[in-house]
file start20.cif (mmCIF, C-alpha atoms)
data_upload
#
loop_
_atom_site.group_PDB
_atom_site.id
_atom_site.type_symbol
_atom_site.label_atom_id
_atom_site.label_comp_id
_atom_site.auth_asym_id
_atom_site.auth_seq_id
_atom_site.Cartn_x
_atom_site.Cartn_y
_atom_site.Cartn_z
ATOM 1 C CA GLY A 8 100.912 98.282 70.365
ATOM 2 C CA ASN A 9 97.438 96.849 70.829
ATOM 3 C CA LEU A 10 95.418 97.336 74.008
ATOM 4 C CA LEU A 11 95.364 94.085 76.017
ATOM 5 C CA PHE A 12 93.778 95.114 79.339
ATOM 6 C CA TYR A 13 93.938 97.933 81.867
ATOM 7 C CA SER A 14 93.305 98.569 85.553
ATOM 8 C CA ASN A 15 92.784 101.436 87.993
ATOM 9 C CA GLY A 16 93.992 99.402 90.975
ATOM 10 C CA VAL A 17 90.445 98.338 91.858
ATOM 11 C CA SER A 18 89.017 96.775 88.675
ATOM 12 C CA VAL A 19 90.424 95.237 85.485
ATOM 13 C CA TRP A 20 88.957 95.716 82.000
ATOM 14 C CA ASN A 21 89.810 93.741 78.872
ATOM 15 C CA SER A 22 90.523 95.146 75.407
ATOM 16 C CA ARG A 23 86.773 95.365 74.744
ATOM 17 C CA HIS A 24 86.363 97.513 77.891
ATOM 18 C CA LYS A 25 84.514 94.774 79.755
ATOM 19 C CA LYS A 26 85.289 94.388 83.465
ATOM 20 C CA ILE A 27 86.720 90.923 84.123
ATOM 21 C CA ASN A 28 87.110 90.882 87.929
ATOM 22 C CA ASP A 29 84.501 90.625 90.666
ATOM 23 C CA ALA A 30 86.132 91.790 93.921
ATOM 24 C CA PRO A 31 88.630 94.691 94.225
ATOM 25 C CA VAL A 32 91.925 93.353 92.879
ATOM 26 C CA PHE A 33 94.036 94.376 95.898
ATOM 27 C CA GLY A 34 91.259 94.201 98.469
ATOM 28 C CA VAL A 35 89.662 97.327 99.912
ATOM 29 C CA SER A 36 92.143 100.167 99.403
ATOM 30 C CA ASP A 37 92.635 103.861 98.779
ATOM 31 C CA ASN A 38 93.835 104.130 95.177
ATOM 32 C CA ASN A 39 96.019 107.235 95.413
ATOM 33 C CA ALA A 40 99.386 106.487 93.847
ATOM 34 C CA GLY A 41 101.150 107.890 90.816
ATOM 35 C CA THR A 42 103.228 104.743 90.219
ATOM 36 C CA GLY A 43 101.571 102.393 92.668
ATOM 37 C CA LEU A 44 100.487 100.020 89.891
ATOM 38 C CA CYS A 45 102.829 98.309 87.421
ATOM 39 C CA TYR A 46 102.423 95.660 84.714
ATOM 40 C CA ILE A 47 104.934 92.806 84.277
ATOM 41 C CA PRO A 48 104.950 90.211 81.476
ATOM 42 C CA TYR A 49 105.047 86.686 82.922
ATOM 43 C CA PRO A 50 108.380 85.425 81.533
ATOM 44 C CA ALA A 51 107.962 82.506 79.095
ATOM 45 C CA HIS A 52 104.162 82.607 79.468
ATOM 46 C CA PRO A 53 102.765 84.603 76.512
ATOM 47 C CA GLY A 54 99.447 86.302 77.176
ATOM 48 C CA LYS A 55 99.864 86.288 80.953
ATOM 49 C CA TYR A 56 100.816 89.344 83.003
ATOM 50 C CA PHE A 57 101.380 90.189 86.648
ATOM 51 C CA VAL A 58 100.060 93.468 88.025
ATOM 52 C CA ALA A 59 101.864 94.634 91.174
ATOM 53 C CA GLY A 60 100.986 97.401 93.591
ATOM 54 C CA VAL A 61 101.231 98.582 97.171
ATOM 55 C CA TYR A 62 98.115 98.174 99.288
ATOM 56 C CA PRO A 63 97.700 101.844 100.303
ATOM 57 C CA ASN A 64 96.563 102.711 103.821
ATOM 58 C CA PHE A 65 96.755 106.216 105.232
ATOM 59 C CA ASP A 66 95.700 105.289 108.777
ATOM 60 C CA GLU A 67 99.109 103.976 109.911
ATOM 61 C CA THR A 68 98.052 100.331 109.526
ATOM 62 C CA PRO A 69 100.297 97.798 107.717
ATOM 63 C CA SER A 70 100.535 98.120 103.933
ATOM 64 C CA GLY A 71 102.254 95.475 101.845
ATOM 65 C CA VAL A 72 103.243 94.815 98.234
ATOM 66 C CA ARG A 73 100.584 92.743 96.448
ATOM 67 C CA PHE A 74 100.181 91.320 92.968
ATOM 68 C CA PHE A 75 97.716 89.385 90.845
ATOM 69 C CA MET A 76 97.859 87.711 87.427
ATOM 70 C CA VAL A 77 95.809 88.495 84.323
ATOM 71 C CA ASP A 78 95.325 85.795 81.683
ATOM 72 C CA VAL A 79 94.398 87.749 78.550
ATOM 73 C CA ALA A 80 93.146 84.760 76.529
ATOM 74 C CA ALA A 81 91.042 83.355 79.368
ATOM 75 C CA ASN A 82 89.746 86.779 80.495
ATOM 76 C CA THR A 83 90.563 85.923 84.112
ATOM 77 C CA VAL A 84 92.108 87.688 87.097
ATOM 78 C CA SER A 85 93.712 85.640 89.862
ATOM 79 C CA PRO A 86 93.263 86.442 93.577
ATOM 80 C CA TYR A 87 95.965 88.753 94.868
ATOM 81 C CA ARG A 88 98.961 87.534 96.849
ATOM 82 C CA GLU A 89 101.301 89.514 99.112
ATOM 83 C CA PHE A 90 105.061 89.311 99.729
ATOM 84 C CA SER A 91 105.675 87.855 103.162
ATOM 85 C CA HIS A 92 109.395 87.590 103.898
ATOM 86 C CA PRO A 93 110.176 88.464 107.560
ATOM 87 C CA SER A 94 112.712 91.126 106.517
ATOM 88 C CA LEU A 95 109.940 93.304 105.039
ATOM 89 C CA PRO A 96 108.688 96.394 106.890
ATOM 90 C CA ASN A 97 105.123 96.758 108.151
ATOM 91 C CA ARG A 98 104.508 99.681 105.828
ATOM 92 C CA PHE A 99 105.630 100.482 102.308
ATOM 93 C CA SER A 100 105.388 103.720 100.412
ATOM 94 C CA GLN A 101 103.327 103.709 97.234
ATOM 95 C CA TYR A 102 106.480 104.071 95.136
ATOM 96 C CA LEU A 103 106.781 101.086 92.820
ATOM 97 C CA THR A 104 108.296 100.445 89.413
ATOM 98 C CA VAL A 105 109.386 97.496 87.271
ATOM 99 C CA VAL A 106 112.847 97.097 85.689
ATOM 100 C CA PRO A 107 113.874 94.380 83.181
ATOM 101 C CA HIS A 108 116.648 92.096 84.415
ATOM 102 C CA CYS A 109 119.903 92.315 82.443
ATOM 103 C CA ASN A 110 119.467 88.661 81.379
ATOM 104 C CA GLY A 111 116.700 89.767 79.009
ATOM 105 C CA ARG A 112 114.145 87.364 80.504
ATOM 106 C CA ASP A 113 113.303 88.253 84.079
ATOM 107 C CA TYR A 114 112.111 91.424 85.843
ATOM 108 C CA TRP A 115 112.588 93.292 89.110
ATOM 109 C CA ILE A 116 109.737 94.838 91.095
ATOM 110 C CA VAL A 117 111.314 97.785 92.928
ATOM 111 C CA THR A 118 109.586 99.582 95.776
ATOM 112 C CA LYS A 119 110.473 101.675 98.807
ATOM 113 C CA GLY A 120 109.844 101.731 102.529
ATOM 114 C CA HIS A 121 107.390 104.295 103.818
ATOM 115 C CA GLY A 122 110.009 106.685 105.193
ATOM 116 C CA GLY A 123 109.131 108.974 108.071
ATOM 117 C CA LEU A 124 108.840 106.898 111.244
ATOM 118 C CA TYR A 125 109.351 103.668 109.291
ATOM 119 C CA ASN A 126 112.310 102.977 107.004
ATOM 120 C CA ASN A 127 113.832 104.491 103.908
ATOM 121 C CA ASN A 128 115.134 101.340 102.196
ATOM 122 C CA PHE A 129 114.564 100.139 98.649
ATOM 123 C CA TYR A 130 113.301 96.563 98.145
ATOM 124 C CA ALA A 131 113.644 94.570 94.911
ATOM 125 C CA PHE A 132 111.693 91.362 94.170
ATOM 126 C CA LEU A 133 112.531 88.997 91.308
ATOM 127 C CA VAL A 134 109.999 87.822 88.694
ATOM 128 C CA THR A 135 111.035 84.738 86.674
ATOM 129 C CA SER A 136 109.515 82.099 84.407
ATOM 130 C CA SER A 137 108.614 80.226 87.611
ATOM 131 C CA GLY A 138 106.433 83.138 88.637
ATOM 132 C CA ILE A 139 106.732 85.250 91.796
ATOM 133 C CA ASP A 140 107.783 83.644 95.077
ATOM 134 C CA VAL A 141 105.964 85.548 97.845
ATOM 135 C CA ALA A 142 108.431 84.221 100.452
ATOM 136 C CA GLN A 143 111.573 85.290 98.574
ATOM 137 C CA ALA A 144 114.170 87.363 100.392
ATOM 138 C CA PRO A 145 114.169 90.795 98.745
ATOM 139 C CA VAL A 146 117.295 92.662 97.729
ATOM 140 C CA ILE A 147 117.465 95.456 100.324
ATOM 141 C CA SER A 148 119.351 98.721 99.642
ATOM 142 C CA SER A 149 119.760 101.261 102.443
ATOM 143 C CA GLY A 150 121.506 104.506 103.385
ATOM 144 C CA PHE A 151 119.324 107.070 101.594
ATOM 145 C CA SER A 152 118.044 110.462 102.729
ATOM 146 C CA LEU A 153 115.053 111.296 100.514
ATOM 147 C CA ARG A 154 111.937 110.174 102.345
ATOM 148 C CA GLY A 155 108.365 110.070 101.201
ATOM 149 C CA PHE A 156 105.181 108.073 101.278
ATOM 150 C CA GLY A 157 104.312 108.250 97.577
ATOM 151 C CA GLY A 158 100.728 108.733 96.530
ATOM 152 C CA SER A 159 99.099 111.854 95.119
ATOM 153 C CA GLY A 160 101.092 111.616 91.912
ATOM 154 C CA TYR A 161 104.664 111.398 93.252
ATOM 155 C CA GLN A 162 106.549 108.843 91.209
ATOM 156 C CA LEU A 163 109.418 106.339 91.075
ATOM 157 C CA LYS A 164 110.584 105.772 87.503
ATOM 158 C CA ALA A 165 113.296 103.731 85.770
ATOM 159 C CA SER A 166 115.235 104.613 82.651
ATOM 160 C CA ARG A 167 114.660 102.419 79.590
ATOM 161 C CA ALA A 168 118.173 101.009 79.936
ATOM 162 C CA GLY A 169 117.295 99.927 83.484
ATOM 163 C CA ASP A 170 120.427 101.466 85.003
ATOM 164 C CA GLN A 171 118.875 104.506 86.729
ATOM 165 C CA LEU A 172 115.935 105.336 88.975
ATOM 166 C CA ILE A 173 114.438 108.701 89.834
ATOM 167 C CA LEU A 174 112.093 109.528 92.699
ATOM 168 C CA THR A 175 110.003 112.596 93.519
ATOM 169 C CA ALA A 176 108.784 113.348 97.044
ATOM 170 C CA PRO A 177 107.126 116.156 99.050
ATOM 171 C CA ARG A 178 110.297 117.527 100.661
ATOM 172 C CA SER A 179 111.166 121.216 100.959
ATOM 173 C CA ASP A 180 114.944 121.219 100.382
ATOM 174 C CA ALA A 181 115.267 118.629 97.590
ATOM 175 C CA ALA A 182 112.121 117.083 96.191
ATOM 176 C CA ALA A 183 113.715 114.569 93.815
ATOM 177 C CA ALA A 184 116.666 112.179 93.747
ATOM 178 C CA LEU A 185 118.485 110.114 91.128
ATOM 179 C CA TYR A 186 119.853 106.624 91.844
ATOM 180 C CA ASP A 187 121.954 103.978 90.099
ATOM 181 C CA PHE A 188 120.281 100.587 89.668
ATOM 182 C CA ASP A 189 122.065 97.284 89.080
ATOM 183 C CA SER A 190 119.710 95.194 86.960
ATOM 184 C CA ARG A 191 121.845 92.084 87.585
ATOM 185 C CA THR A 192 121.663 92.155 91.394
ATOM 186 C CA GLY A 193 118.646 94.397 92.084
ATOM 187 C CA ALA A 194 120.734 96.794 94.207
ATOM 188 C CA VAL A 195 120.087 100.554 94.397
ATOM 189 C CA ASN A 196 122.914 102.957 95.252
ATOM 190 C CA HIS A 197 124.458 106.406 94.747
ATOM 191 C CA GLU A 198 121.701 108.835 95.716
ATOM 192 C CA ARG A 199 122.012 112.274 94.059
ATOM 193 C CA LEU A 200 119.569 114.909 95.306
ATOM 194 C CA VAL A 201 118.122 117.320 92.736
ATOM 195 C CA PRO A 202 118.617 120.813 94.214
ATOM 196 C CA ASN A 203 115.922 123.453 94.404
ATOM 197 C CA VAL A 204 115.874 126.318 91.901
ATOM 198 C CA THR A 205 115.713 129.922 93.098
ATOM 199 C CA GLY A 206 112.449 131.542 92.073
ATOM 200 C CA TYR A 207 110.599 128.234 91.725
ATOM 201 C CA ASN A 208 108.735 126.104 94.204
ATOM 202 C CA ASN A 209 108.791 122.396 94.916
ATOM 203 C CA ILE A 210 108.477 119.752 92.254
ATOM 204 C CA GLN A 211 104.904 119.045 91.265
ATOM 205 C CA SER A 212 104.733 115.270 91.544
ATOM 206 C CA GLY A 213 105.500 113.706 88.146
ATOM 207 C CA VAL A 214 108.844 112.691 86.623
ATOM 208 C CA ALA A 215 110.134 110.779 83.581
ATOM 209 C CA PHE A 216 113.380 109.964 81.781
ATOM 210 C CA SER A 217 114.021 110.771 78.132
ATOM 211 C CA PRO A 218 114.103 107.805 75.716
ATOM 212 C CA ASN A 219 117.925 107.737 75.730
ATOM 213 C CA GLY A 220 118.195 108.162 79.510
ATOM 214 C CA ARG A 221 120.409 111.247 79.238
ATOM 215 C CA TYR A 222 117.727 113.626 80.527
ATOM 216 C CA PHE A 223 114.817 113.648 82.928
ATOM 217 C CA TYR A 224 111.763 115.895 83.171
ATOM 218 C CA LEU A 225 109.810 117.350 86.065
ATOM 219 C CA MET A 226 107.463 120.251 86.724
ATOM 220 C CA ARG A 227 107.948 123.210 89.066
ATOM 221 C CA SER A 228 105.665 126.105 89.937
ATOM 222 C CA SER A 229 106.852 129.710 90.010
ATOM 223 C CA ASP A 230 107.144 131.700 93.242
ATOM 224 C CA LEU A 231 105.657 134.618 91.350
ATOM 225 C CA ALA A 232 102.419 132.674 90.982
ATOM 226 C CA LEU A 233 102.052 132.011 94.719
ATOM 227 C CA ASN A 234 101.808 128.252 94.211
ATOM 228 C CA GLY A 235 99.305 128.602 91.422
ATOM 229 C CA PRO A 236 99.687 128.675 87.640
ATOM 230 C CA PRO A 237 101.864 128.968 85.638
ATOM 231 C CA TYR A 238 103.927 125.809 85.996
ATOM 232 C CA TRP A 239 107.168 125.139 84.182
ATOM 233 C CA LEU A 240 108.559 121.963 82.667
ATOM 234 C CA PHE A 241 112.253 121.453 83.508
ATOM 235 C CA GLN A 242 114.545 119.305 81.383
ATOM 236 C CA TYR A 243 117.561 118.152 83.435
ATOM 237 C CA ARG A 244 120.744 116.582 82.130
ATOM 238 C CA VAL A 245 121.469 113.426 84.134
ATOM 239 C CA SER A 246 125.251 113.858 84.124
ATOM 240 C CA ASP A 247 125.411 117.233 85.899
ATOM 241 C CA PHE A 248 121.805 118.445 86.610
ATOM 242 C CA GLU A 249 122.125 121.347 84.183
ATOM 243 C CA TYR A 250 118.616 122.297 83.114
ATOM 244 C CA ASN A 251 116.504 124.037 80.510
ATOM 245 C CA ILE A 252 113.038 125.440 81.177
ATOM 246 C CA ILE A 253 110.559 124.422 78.503
ATOM 247 C CA ALA A 254 107.609 126.688 77.830
ATOM 248 C CA THR A 255 104.272 124.927 78.268
ATOM 249 C CA THR A 256 100.655 125.861 77.716
ATOM 250 C CA GLY A 257 97.743 124.709 79.850
ATOM 251 C CA PHE A 258 99.703 122.968 82.615
ATOM 252 C CA TYR A 259 98.682 123.615 86.168
ATOM 253 C CA PHE A 260 99.168 121.060 88.956
ATOM 254 C CA SER A 261 100.793 118.187 87.065
ATOM 255 C CA SER A 262 100.426 114.689 88.368
ATOM 256 C CA VAL A 263 101.765 111.555 86.677
ATOM 257 C CA PHE A 264 104.271 111.586 83.793
ATOM 258 C CA GLN A 265 104.550 108.718 81.321
ATOM 259 C CA LEU A 266 106.967 108.260 78.444
ATOM 260 C CA GLY A 267 105.013 106.581 75.654
ATOM 261 C CA PRO A 268 106.179 103.947 73.148
ATOM 262 C CA ASP A 269 106.105 106.757 70.572
ATOM 263 C CA ASN A 270 108.802 108.586 72.619
ATOM 264 C CA GLN A 271 106.337 111.354 73.510
ATOM 265 C CA LEU A 272 105.996 112.532 77.116
ATOM 266 C CA TYR A 273 102.407 112.387 78.406
ATOM 267 C CA ILE A 274 101.423 114.406 81.483
ATOM 268 C CA ALA A 275 98.137 114.229 83.366
ATOM 269 C CA ASN A 276 97.110 117.437 85.121
ATOM 270 C CA SER A 277 94.434 118.594 87.547
ATOM 271 C CA TYR A 278 92.007 119.406 84.746
ATOM 272 C CA ASN A 279 91.629 115.747 83.724
ATOM 273 C CA PHE A 280 93.373 115.826 80.354
ATOM 274 C CA LEU A 281 96.806 114.940 78.972
#

call {"tool": "encode", "arguments": {"input": "start20.cif", "output": "structure tokens"}}
result
Amino acid sequence: GNLLFYSNGVSVWNSRHKKINDAPVFGVSDNNAGTGLCYIPYPAHPGKYFVAGVYPNFDETPSGVRFFMVDVAANTVSPYREFSHPSLPNRFSQYLTVVPHCNGRDYWIVTKGHGGLYNNNFYAFLVTSSGIDVAQAPVISSGFSLRGFGGSGYQLKASRAGDQLILTAPRSDAAAALYDFDSRTGAVNHERLVPNVTGYNNIQSGVAFSPNGRYFYLMRSSDLALNGPPYWLFQYRVSDFEYNIIATTGFYFSSVFQLGPDNQLYIANSYNFL
């Protein structure tokens, strides 16, 4: 497709690479999230898009889910707004993704509590042709064990069919988990932890589903390398977690993964190239 606009969580640039905002789009923040920024078409409003993200604070102060709107034709960025329902926690993780609603029109913004001393729930917010209601009661899903704050490349991703989520986190015994997602109700359930692999270290941040949703991909380092290169790309089968190890060249600490519209998997690494 054609480039419309892009953002780094602080500024927004149009398709001609001209910055179109004045103040930081989410306020003063530490932009350190692998999937802390997501783009959502405004249903029934062509040329308008919401950009949602978690206001990231690492000093134990409150951090909420914020969003702003980009009008491509007008070259404008609206002031950010923040979800405010009283059921929301004081702190969110930086895990955030967007899933199309099963009605083919609306969208869900899905994010996660901070974990640790806070909570480990998932929260889903509805986006409709009426926009985004900041006071809406979120769909809250609870009872999960994988905790994490997000940031530093760890990701929450949805399958293209919108029926599965996968999360990576800095945890020693199981650093990723797969979940079922109900795109009609916004509920998350059925956590399945991805077990460690003997001879390999923890997952290195990024994750992505295959185009058909039958597989997912993540990177592990080898114990033999003492947490350094080489790193290995694992292809897991969703149904039973059977895996293949795919030989790679030039990958070291991998950060974000992104499945492109061309069905190719793009991986950013510590040496600033894909």

call {"tool": "residues_around", "arguments": {"input": "start20.cif", "residues": "range 181-196 of chain A", "least_positions_apart": "3", "cutoff": "8 Å", "atoms": "only C-alpha atoms", "output": "JSON, numbers by chain"}}
result
{"A": [106, 107, 108, 109, 110, 115, 129, 131, 132, 146, 147, 148, 153, 169, 170, 171, 172, 173, 174, 175, 176, 177, 178, 199, 200, 201, 202, 203, 209, 210]}

call {"tool": "atom_distance", "arguments": {"input": "start20.cif", "atom1": "CA of Arg23 in chain A", "atom2": "CA of Ala80 in chain A"}}
result
12.5 Å

call {"tool": "resolve_selection", "arguments": {"input": "start20.cif", "expression": "the PyMOL selection byres ((chain A and resi 46-51) around 9)", "output": "PDB file with C-alpha atoms, in the frame of the given file"}}
result
ATOM      1  CA  LEU A  44     100.487 100.020  89.891  1.00  0.00           C
ATOM      2  CA  CYS A  45     102.829  98.309  87.421  1.00  0.00           C
ATOM      3  CA  HIS A  52     104.162  82.607  79.468  1.00  0.00           C
ATOM      4  CA  PRO A  53     102.765  84.603  76.512  1.00  0.00           C
ATOM      5  CA  GLY A  54      99.447  86.302  77.176  1.00  0.00           C
ATOM      6  CA  LYS A  55      99.864  86.288  80.953  1.00  0.00           C
ATOM      7  CA  TYR A  56     100.816  89.344  83.003  1.00  0.00           C
ATOM      8  CA  PHE A  57     101.380  90.189  86.648  1.00  0.00           C
ATOM      9  CA  VAL A  58     100.060  93.468  88.025  1.00  0.00           C
ATOM     10  CA  ALA A  59     101.864  94.634  91.174  1.00  0.00           C
ATOM     11  CA  MET A  76      97.859  87.711  87.427  1.00  0.00           C
ATOM     12  CA  THR A 104     108.296 100.445  89.413  1.00  0.00           C
ATOM     13  CA  VAL A 105     109.386  97.496  87.271  1.00  0.00           C
ATOM     14  CA  ARG A 112     114.145  87.364  80.504  1.00  0.00           C
ATOM     15  CA  ASP A 113     113.303  88.253  84.079  1.00  0.00           C
ATOM     16  CA  TYR A 114     112.111  91.424  85.843  1.00  0.00           C
ATOM     17  CA  ILE A 116     109.737  94.838  91.095  1.00  0.00           C
ATOM     18  CA  VAL A 134     109.999  87.822  88.694  1.00  0.00           C
ATOM     19  CA  THR A 135     111.035  84.738  86.674  1.00  0.00           C
ATOM     20  CA  SER A 136     109.515  82.099  84.407  1.00  0.00           C
ATOM     21  CA  SER A 137     108.614  80.226  87.611  1.00  0.00           C
ATOM     22  CA  GLY A 138     106.433  83.138  88.637  1.00  0.00           C
TER      23      GLY A 138
END

call {"tool": "residues_around", "arguments": {"input": "start20.cif", "residues": "Asn82 in chain A", "least_positions_apart": "5", "cutoff": "8 Å", "atoms": "all atoms listed in the file", "output": "MDAnalysis selection string"}}
result
chainID A and resid 21 27 77

call {"tool": "closest_atom_pairs", "arguments": {"input": "start20.cif", "of": "range 173-226 of chain A", "to": "range 241-251 of chain A", "cutoff": "8 Å", "atoms": "all atoms listed in the file", "output": "CSV"}}
result
residue,atom,partner,partner_atom,distance
A:Val201,CA,A:Phe248,CA,7.2
A:Gly220,CA,A:Val245,CA,7.7
A:Arg221,CA,A:Val245,CA,5.5
A:Tyr222,CA,A:Arg244,CA,4.5
A:Phe223,CA,A:Tyr243,CA,5.3
A:Tyr224,CA,A:Gln242,CA,4.8
A:Leu225,CA,A:Phe241,CA,5.4
A:Met226,CA,A:Phe241,CA,5.9

call {"tool": "atom_distance", "arguments": {"input": "start20.cif", "atom1": "CA of Trp239 in chain A", "atom2": "CA of Gly206 in chain A"}}
result
11.5 Å

call {"tool": "closest_atom_pairs", "arguments": {"input": "start20.cif", "of": "range 18-102 of chain A", "to": "range 9-12 of chain A", "cutoff": "8 Å", "atoms": "all atoms listed in the file", "output": "CSV"}}
result
residue,atom,partner,partner_atom,distance
A:Val19,CA,A:Phe12,CA,7.0
A:Trp20,CA,A:Phe12,CA,5.5
A:Asn21,CA,A:Phe12,CA,4.2
A:Ser22,CA,A:Leu11,CA,5.0
A:His24,CA,A:Phe12,CA,7.9
A:Val79,CA,A:Leu11,CA,6.9

call {"tool": "residues_around", "arguments": {"input": "start20.cif", "residues": "Ala142 in chain A", "least_positions_apart": "4", "cutoff": "8 Å", "atoms": "only C-alpha atoms", "output": "ChimeraX atom specification"}}
result
/A:90-92

call {"tool": "build_atoms", "arguments": {"input": "start20.cif", "residues": "range 107-114 of chain A", "atoms": "all heavy atoms", "output": "compact mmCIF listing (two decimals), in the coordinates of the input"}}
result
# COMPACT_ATOMS: atom_id res chain seq x y z
N PRO A 107 113.43 95.65 83.77
CA PRO A 107 113.87 94.38 83.18
C PRO A 107 115.23 93.95 83.74
O PRO A 107 116.13 94.77 83.94
CB PRO A 107 113.97 94.69 81.69
CG PRO A 107 113.07 95.87 81.48
CD PRO A 107 113.18 96.68 82.74
N HIS A 108 115.37 92.66 84.00
CA HIS A 108 116.65 92.10 84.42
C HIS A 108 117.62 92.14 83.24
O HIS A 108 117.21 92.08 82.07
CB HIS A 108 116.44 90.65 84.86
CG HIS A 108 117.57 90.05 85.61
ND1 HIS A 108 118.75 89.67 85.01
CD2 HIS A 108 117.71 89.75 86.93
CE1 HIS A 108 119.56 89.17 85.91
NE2 HIS A 108 118.96 89.20 87.10
N CYS A 109 118.91 92.23 83.52
CA CYS A 109 119.90 92.32 82.44
C CYS A 109 120.01 91.01 81.64
O CYS A 109 120.60 91.01 80.55
CB CYS A 109 121.27 92.70 83.00
SG CYS A 109 122.01 91.45 84.09
N ASN A 110 119.42 89.91 82.14
CA ASN A 110 119.47 88.66 81.38
C ASN A 110 118.47 88.63 80.22
O ASN A 110 118.44 87.67 79.45
CB ASN A 110 119.26 87.45 82.30
CG ASN A 110 117.88 87.42 82.95
OD1 ASN A 110 116.95 88.09 82.54
ND2 ASN A 110 117.76 86.61 84.01
N GLY A 111 117.64 89.67 80.11
CA GLY A 111 116.70 89.77 79.01
C GLY A 111 115.45 88.92 79.16
O GLY A 111 114.62 88.89 78.25
N ARG A 112 115.31 88.23 80.29
CA ARG A 112 114.14 87.36 80.50
C ARG A 112 113.31 87.79 81.71
O ARG A 112 112.09 87.85 81.63
CB ARG A 112 114.59 85.91 80.72
CG ARG A 112 115.36 85.29 79.58
CD ARG A 112 115.64 83.82 79.87
NE ARG A 112 116.32 83.65 81.16
CZ ARG A 112 117.64 83.68 81.33
NH1 ARG A 112 118.43 83.91 80.31
NH2 ARG A 112 118.17 83.48 82.53
N ASP A 113 113.98 88.04 82.81
CA ASP A 113 113.30 88.25 84.08
C ASP A 113 113.07 89.75 84.34
O ASP A 113 113.50 90.61 83.55
CB ASP A 113 114.12 87.64 85.21
CG ASP A 113 114.38 86.16 85.00
OD1 ASP A 113 113.54 85.50 84.35
OD2 ASP A 113 115.43 85.67 85.48
N TYR A 114 112.43 90.04 85.48
CA TYR A 114 112.11 91.42 85.84
C TYR A 114 112.33 91.62 87.34
O TYR A 114 112.29 90.66 88.13
CB TYR A 114 110.65 91.76 85.51
CG TYR A 114 110.35 91.75 84.04
CD1 TYR A 114 109.96 90.57 83.41
CD2 TYR A 114 110.45 92.92 83.27
CE1 TYR A 114 109.67 90.55 82.04
CE2 TYR A 114 110.17 92.89 81.92
CZ TYR A 114 109.79 91.71 81.31
OH TYR A 114 109.53 91.70 79.96
